[in-house]
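**Student:** Submitted below is the structure of interest, expressed as structure tokens.
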Amino acid sequence: MMRKTSRWRMVVALTAAMVAMAVPAGSAQAAERTAPPPMADGFGLTQVDTATGGPTNFYITVTTPEVTGKHHIKIILPSGYYDDPARRYPVLYFLHGSPDDPVRQNYPALTTSDQMITVIPDGGARGWYANWLNQRTQAGAQNWENFHLKQVIPFIDANLRTIATKKARAVAGVSMGGFGALHYAQVRPDLFSQTASLSGDIDLSVRSMDLRMAVVASLVAYEPGVDSDAVFGSPYPVFNADWRFNEVDPAAHMNKLTGVGVSIYVGNGRGDVTDLEFWVESASKHVKDSMDALGMPYYYVDYGDGSAWGTQCNGGHNAGCWEQDLRDLIPRLERSFAS
């Protein structure tokens, strides 16, 4: 037994030496790892199809009883992830808008960090990061909140070298995902130390009926069609019929984010009422007013028409502005995690 063990160790040592001589210094890890890392099923998630992409930027496809269909989860690892097998990393959960998919979240800023892992889970074309009120529509099971908070997060912690603590976890999102980011941090402040809204639908009160109607419009705009009350019930403030909208309205519950770092980014849509940014600006201001009334600390950027916000932003509801938001946000998250 001892001889076999010694012989095995010698073979391993010789193989490692040969690889070291054959591969230029600094590129050994790249030679060893050319595909996404293996990930084990669990927490209600079953992987289907094949992981797609490279060793540090890839997506997997999963199924879950919580949400009908197949769902992508995009994962971006730091470039040095494989260099130190003992090192663990904080995680940013990035939530996309409507209608979109994790695979299309190709913001260059998301690939710049060597300090954290980024995970982009599917939120559906109109999932609204919620457990729908009506689970019997033609869309089938729609428990997005359960999918993300009870399945994706522990799945990631089990399969990747994360620092599985509140301090080392952030959630941010654009548009519908901005709502999701604040909503998730409010319902589970024990999970996240930082949350950020990028042009988010973060006021669903009667002050922002336009954004309530945006929720309703998304339900009937995409196939299969579902009833307008499927997610949060009635949007109309008659006899308290809209109580579920009020219950999930981020602006009304900012007190739940005490101890969580809050960042808000928004433009003004150049004053164009046909640009959704025109409407989410007022929603962001309502959230700011709520935080001011509570005496909360926060980070708030209203870049107006975008003329002073990078070279790609025109103040509208678009990826050019969100890329610049991320270029500002990511270094701030890194500093927060490092502290």
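How things are named: the first chain in the structure tokens is A, the next is B, and so on; residues count from 1 in each chain; ligands count from 1 in the order shown.
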Taking the DSSP assignment computed from this structure's backbone, write out as a PyMOL selection string all residues of range 27-112 of chain A that belong to strand (DSSP E or B).
**Tutor:** chain A and resi 42+45-53+57-64+67-76+89+91-95
**Student:** Print the selection's residues with C-alpha atoms to a file, as a PDB file, in the first residue's frame.
**Tutor:**
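Ended up saving to again-v1.pdb:
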```pdb
ATOM      1  CA  GLY A  42     -29.230  20.248  -5.769  1.00  0.00           C
ATOM      2  CA  LEU A  45     -32.316  22.534  -9.453  1.00  0.00           C
ATOM      3  CA  THR A  46     -31.620  19.966 -12.171  1.00  0.00           C
ATOM      4  CA  GLN A  47     -29.145  20.814 -14.919  1.00  0.00           C
ATOM      5  CA  VAL A  48     -30.203  20.042 -18.480  1.00  0.00           C
ATOM      6  CA  ASP A  49     -28.407  20.509 -21.794  1.00  0.00           C
ATOM      7  CA  THR A  50     -24.677  21.320 -21.635  1.00  0.00           C
ATOM      8  CA  ALA A  51     -22.907  24.181 -19.900  1.00  0.00           C
ATOM      9  CA  THR A  52     -21.976  26.730 -22.551  1.00  0.00           C
ATOM     10  CA  GLY A  53     -19.005  29.094 -22.609  1.00  0.00           C
ATOM     11  CA  ASN A  57     -17.781  33.162 -18.431  1.00  0.00           C
ATOM     12  CA  PHE A  58     -20.484  30.581 -19.061  1.00  0.00           C
ATOM     13  CA  TYR A  59     -24.103  29.658 -18.508  1.00  0.00           C
ATOM     14  CA  ILE A  60     -25.921  26.568 -17.372  1.00  0.00           C
ATOM     15  CA  THR A  61     -29.525  25.572 -18.007  1.00  0.00           C
ATOM     16  CA  VAL A  62     -31.699  24.291 -15.177  1.00  0.00           C
ATOM     17  CA  THR A  63     -35.220  23.142 -14.466  1.00  0.00           C
ATOM     18  CA  THR A  64     -37.065  23.559 -11.176  1.00  0.00           C
ATOM     19  CA  VAL A  67     -40.904  27.811 -12.321  1.00  0.00           C
ATOM     20  CA  THR A  68     -42.139  26.093 -15.472  1.00  0.00           C
ATOM     21  CA  GLY A  69     -39.639  25.592 -18.283  1.00  0.00           C
ATOM     22  CA  LYS A  70     -35.869  25.740 -18.748  1.00  0.00           C
ATOM     23  CA  HIS A  71     -33.882  28.616 -17.254  1.00  0.00           C
ATOM     24  CA  HIS A  72     -30.407  29.968 -17.872  1.00  0.00           C
ATOM     25  CA  ILE A  73     -28.036  30.979 -15.096  1.00  0.00           C
ATOM     26  CA  LYS A  74     -25.045  32.959 -16.323  1.00  0.00           C
ATOM     27  CA  ILE A  75     -21.902  32.913 -14.181  1.00  0.00           C
ATOM     28  CA  ILE A  76     -18.860  35.171 -14.463  1.00  0.00           C
ATOM     29  CA  TYR A  89     -15.102  35.273  -3.254  1.00  0.00           C
ATOM     30  CA  VAL A  91     -20.993  37.320  -4.992  1.00  0.00           C
ATOM     31  CA  LEU A  92     -23.029  39.869  -6.944  1.00  0.00           C
ATOM     32  CA  TYR A  93     -26.444  38.647  -8.060  1.00  0.00           C
ATOM     33  CA  PHE A  94     -27.412  40.697 -11.104  1.00  0.00           C
ATOM     34  CA  LEU A  95     -31.084  40.724 -12.150  1.00  0.00           C
TER      35      LEU A  95
END
```
**Student:** Compile a residue-level contact table for range 48-160 of chain A against range 213-220 of chain A at a cut-off of 10 Å, reporting for every qualifying residue the shortest atom pair and its distance in Å to one decimal, with only C-alpha atoms counted, rows ordered by chain and ascending number, as CSV.
**Tutor:**
```
residue,atom,partner,partner_atom,distance
A:Ser98,CA,A:Ser218,CA,8.0
A:Pro99,CA,A:Ser218,CA,8.5
A:Ala125,CA,A:Ser218,CA,8.0
A:Arg126,CA,A:Ser218,CA,5.9
A:Gly127,CA,A:Leu219,CA,8.8
A:Trp128,CA,A:Val215,CA,7.9
```
**Student:** Could those selected residues go to a file with all heavy atoms, as a PDB file, in the first residue's frame?
**Tutor:**
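That gives us part.pdb:
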```pdb
ATOM      1  N   SER A  98     -37.047  43.299 -18.304  1.00  0.00           N
ATOM      2  CA  SER A  98     -38.079  42.642 -19.097  1.00  0.00           C
ATOM      3  C   SER A  98     -38.128  43.245 -20.500  1.00  0.00           C
ATOM      4  O   SER A  98     -38.075  44.471 -20.642  1.00  0.00           O
ATOM      5  CB  SER A  98     -39.441  42.835 -18.422  1.00  0.00           C
ATOM      6  OG  SER A  98     -40.510  42.437 -19.251  1.00  0.00           O
ATOM      7  N   PRO A  99     -38.283  42.402 -21.538  1.00  0.00           N
ATOM      8  CA  PRO A  99     -38.153  40.945 -21.559  1.00  0.00           C
ATOM      9  C   PRO A  99     -36.715  40.609 -21.920  1.00  0.00           C
ATOM     10  O   PRO A  99     -36.194  41.121 -22.909  1.00  0.00           O
ATOM     11  CB  PRO A  99     -39.104  40.535 -22.679  1.00  0.00           C
ATOM     12  CG  PRO A  99     -39.006  41.680 -23.659  1.00  0.00           C
ATOM     13  CD  PRO A  99     -38.742  42.926 -22.842  1.00  0.00           C
ATOM     14  N   ALA A 125     -39.477  36.756 -18.852  1.00  0.00           N
ATOM     15  CA  ALA A 125     -39.823  37.958 -19.607  1.00  0.00           C
ATOM     16  C   ALA A 125     -40.670  38.917 -18.786  1.00  0.00           C
ATOM     17  O   ALA A 125     -40.623  40.131 -18.959  1.00  0.00           O
ATOM     18  CB  ALA A 125     -40.566  37.580 -20.880  1.00  0.00           C
ATOM     19  N   ARG A 126     -41.439  38.336 -17.834  1.00  0.00           N
ATOM     20  CA  ARG A 126     -42.316  39.159 -17.006  1.00  0.00           C
ATOM     21  C   ARG A 126     -42.537  38.505 -15.638  1.00  0.00           C
ATOM     22  O   ARG A 126     -43.621  38.486 -15.090  1.00  0.00           O
ATOM     23  CB  ARG A 126     -43.665  39.390 -17.710  1.00  0.00           C
ATOM     24  CG  ARG A 126     -44.170  38.204 -18.587  1.00  0.00           C
ATOM     25  CD  ARG A 126     -45.205  37.384 -18.035  1.00  0.00           C
ATOM     26  NE  ARG A 126     -45.529  36.184 -18.787  1.00  0.00           N
ATOM     27  CZ  ARG A 126     -46.560  36.057 -19.600  1.00  0.00           C
ATOM     28  NH1 ARG A 126     -47.306  37.072 -19.898  1.00  0.00           N
ATOM     29  NH2 ARG A 126     -46.854  34.886 -20.115  1.00  0.00           N
ATOM     30  N   GLY A 127     -41.432  37.934 -15.090  1.00  0.00           N
ATOM     31  CA  GLY A 127     -41.545  37.230 -13.821  1.00  0.00           C
ATOM     32  C   GLY A 127     -41.722  38.140 -12.625  1.00  0.00           C
ATOM     33  O   GLY A 127     -42.290  37.750 -11.605  1.00  0.00           O
ATOM     34  N   TRP A 128     -41.164  39.361 -12.725  1.00  0.00           N
ATOM     35  CA  TRP A 128     -41.271  40.368 -11.659  1.00  0.00           C
ATOM     36  C   TRP A 128     -40.706  39.890 -10.325  1.00  0.00           C
ATOM     37  O   TRP A 128     -41.079  40.389  -9.274  1.00  0.00           O
ATOM     38  CB  TRP A 128     -42.712  40.891 -11.529  1.00  0.00           C
ATOM     39  CG  TRP A 128     -43.037  41.798 -12.679  1.00  0.00           C
ATOM     40  CD1 TRP A 128     -43.751  41.480 -13.791  1.00  0.00           C
ATOM     41  CD2 TRP A 128     -42.562  43.136 -12.864  1.00  0.00           C
ATOM     42  NE1 TRP A 128     -43.767  42.536 -14.671  1.00  0.00           N
ATOM     43  CE2 TRP A 128     -43.046  43.570 -14.126  1.00  0.00           C
ATOM     44  CE3 TRP A 128     -41.795  44.017 -12.096  1.00  0.00           C
ATOM     45  CZ2 TRP A 128     -42.775  44.858 -14.636  1.00  0.00           C
ATOM     46  CZ3 TRP A 128     -41.519  45.276 -12.601  1.00  0.00           C
ATOM     47  CH2 TRP A 128     -42.005  45.690 -13.856  1.00  0.00           C
TER      48      TRP A 128
END
```
**Student:** When DSSP is applied to the backbone of this structure, which of range 99-333 of chain A are assigned alpha helix (DSSP H)? Write them out as a ChimeraX atom specification.
**Tutor:** /A:144-146,153-159,176-187,209-221,243-248,276-294,319-333
**Student:** Do you have the CA of Val171 in chain A-CA of Thr195 in chain A distance handy?
**Tutor:**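 Going from CA of Val171 in chain A over to CA of Thr195 in chain A covers 4.9 Å.
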**Student:** Between A:Ala283, A:Val273, A:Val152, A:Ala252, which is the closest to Leu211 in chain A once you count only C-alpha atoms?
**Tutor:**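 The answer is A:Ala283, which sits nearest to Leu211 in chain A.
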**Student:** Could you check which of A:Pro38, A:Lys256, A:Leu77, A:Lys167 is closest to Arg188 in chain A, using only C-alpha atoms?
**Tutor:**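 Answer, going by the shortest atom-to-atom distance: A:Lys256.
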**Student:** Calculate how many Å separate CA of Ala170 in chain A from CA of His96 in chain A, rounding to one decimal.
**Tutor:**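 These two atoms are separated by 14.5 Å.
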**Student:** Would you give me, as a Markdown table, each residue of range 79-186 of chain A having an atom within 8 Å of an atom of range 197-200 of chain A, along with its shortest atom pair and that distance in Å to one decimal, using only C-alpha atoms and sorting by chain and residue number?
**Tutor:**
```
| residue | atom | partner | partner_atom | distance |
| --- | --- | --- | --- | --- |
| A:Ala172 | CA | A:Ser197 | CA | 5.9 |
| A:Gly173 | CA | A:Ser197 | CA | 5.6 |
| A:Val174 | CA | A:Leu198 | CA | 4.6 |
| A:Ser175 | CA | A:Gly200 | CA | 4.0 |
| A:Met176 | CA | A:Gly200 | CA | 6.0 |
| A:Gly177 | CA | A:Gly200 | CA | 6.7 |
| A:Gly178 | CA | A:Gly200 | CA | 4.0 |
| A:Phe179 | CA | A:Gly200 | CA | 5.4 |
| A:Ala181 | CA | A:Ser197 | CA | 6.5 |
| A:Leu182 | CA | A:Ser197 | CA | 6.9 |
```
**Student:** Within 7 Å of range 104-115 of chain A, counting only C-alpha atoms, which residues show up once you throw out same-chain ones fewer than 6 positions away? Write them as a ChimeraX atom specification, please.
**Tutor:** /A:76,78-80,89,323,326-327,334
**Student:** I need the residues from that last selection saved to file as an mmCIF file, in the first residue's frame (with C-alpha atoms), if you can.
**Tutor:**
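Saved file result.cif follows:
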```
data_model
loop_
_atom_site.group_PDB
_atom_site.id
_atom_site.type_symbol
_atom_site.label_atom_id
_atom_site.label_comp_id
_atom_site.auth_asym_id
_atom_site.auth_seq_id
_atom_site.Cartn_x
_atom_site.Cartn_y
_atom_site.Cartn_z
ATOM 1 C CA ILE A 76 -18.860 35.171 -14.463
ATOM 2 C CA PRO A 78 -12.777 36.254 -11.669
ATOM 3 C CA SER A 79 -9.958 35.609 -14.156
ATOM 4 C CA GLY A 80 -7.782 34.248 -11.339
ATOM 5 C CA TYR A 89 -15.102 35.273 -3.254
ATOM 6 C CA GLU A 323 -22.928 50.008 -18.571
ATOM 7 C CA LEU A 326 -22.005 49.295 -13.541
ATOM 8 C CA ARG A 327 -18.606 50.872 -14.102
ATOM 9 C CA GLU A 334 -15.464 45.676 -4.294
#
```
**Student:** For Arg169 in chain A, which residue out of A:Pro85, A:Pro250, A:Asp190, A:Asn255 is the nearest one, using only C-alpha atoms?
**Tutor:**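 Nearest to Arg169 in chain A: A:Asp190.
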**Student:** Applying 10 Å and only C-alpha atoms, which residues near range 314-318 of chain A remain after dropping the ones on its own chain fewer than 4 positions away? List them as a list in words.
**Tutor:** Val174, Ser175, Leu198, Ser199, Gly200, Val266, Gly267, Asn268, Gly269, Arg270, Gly271, Asp272, Asp275, Leu276, Glu277, Phe278, Trp279, Val280, Asp302, Tyr303, Gly304, Asp305, Gly306, Ser307, Ala308, Trp309, Gly310, Trp322 and Glu323 of chain A
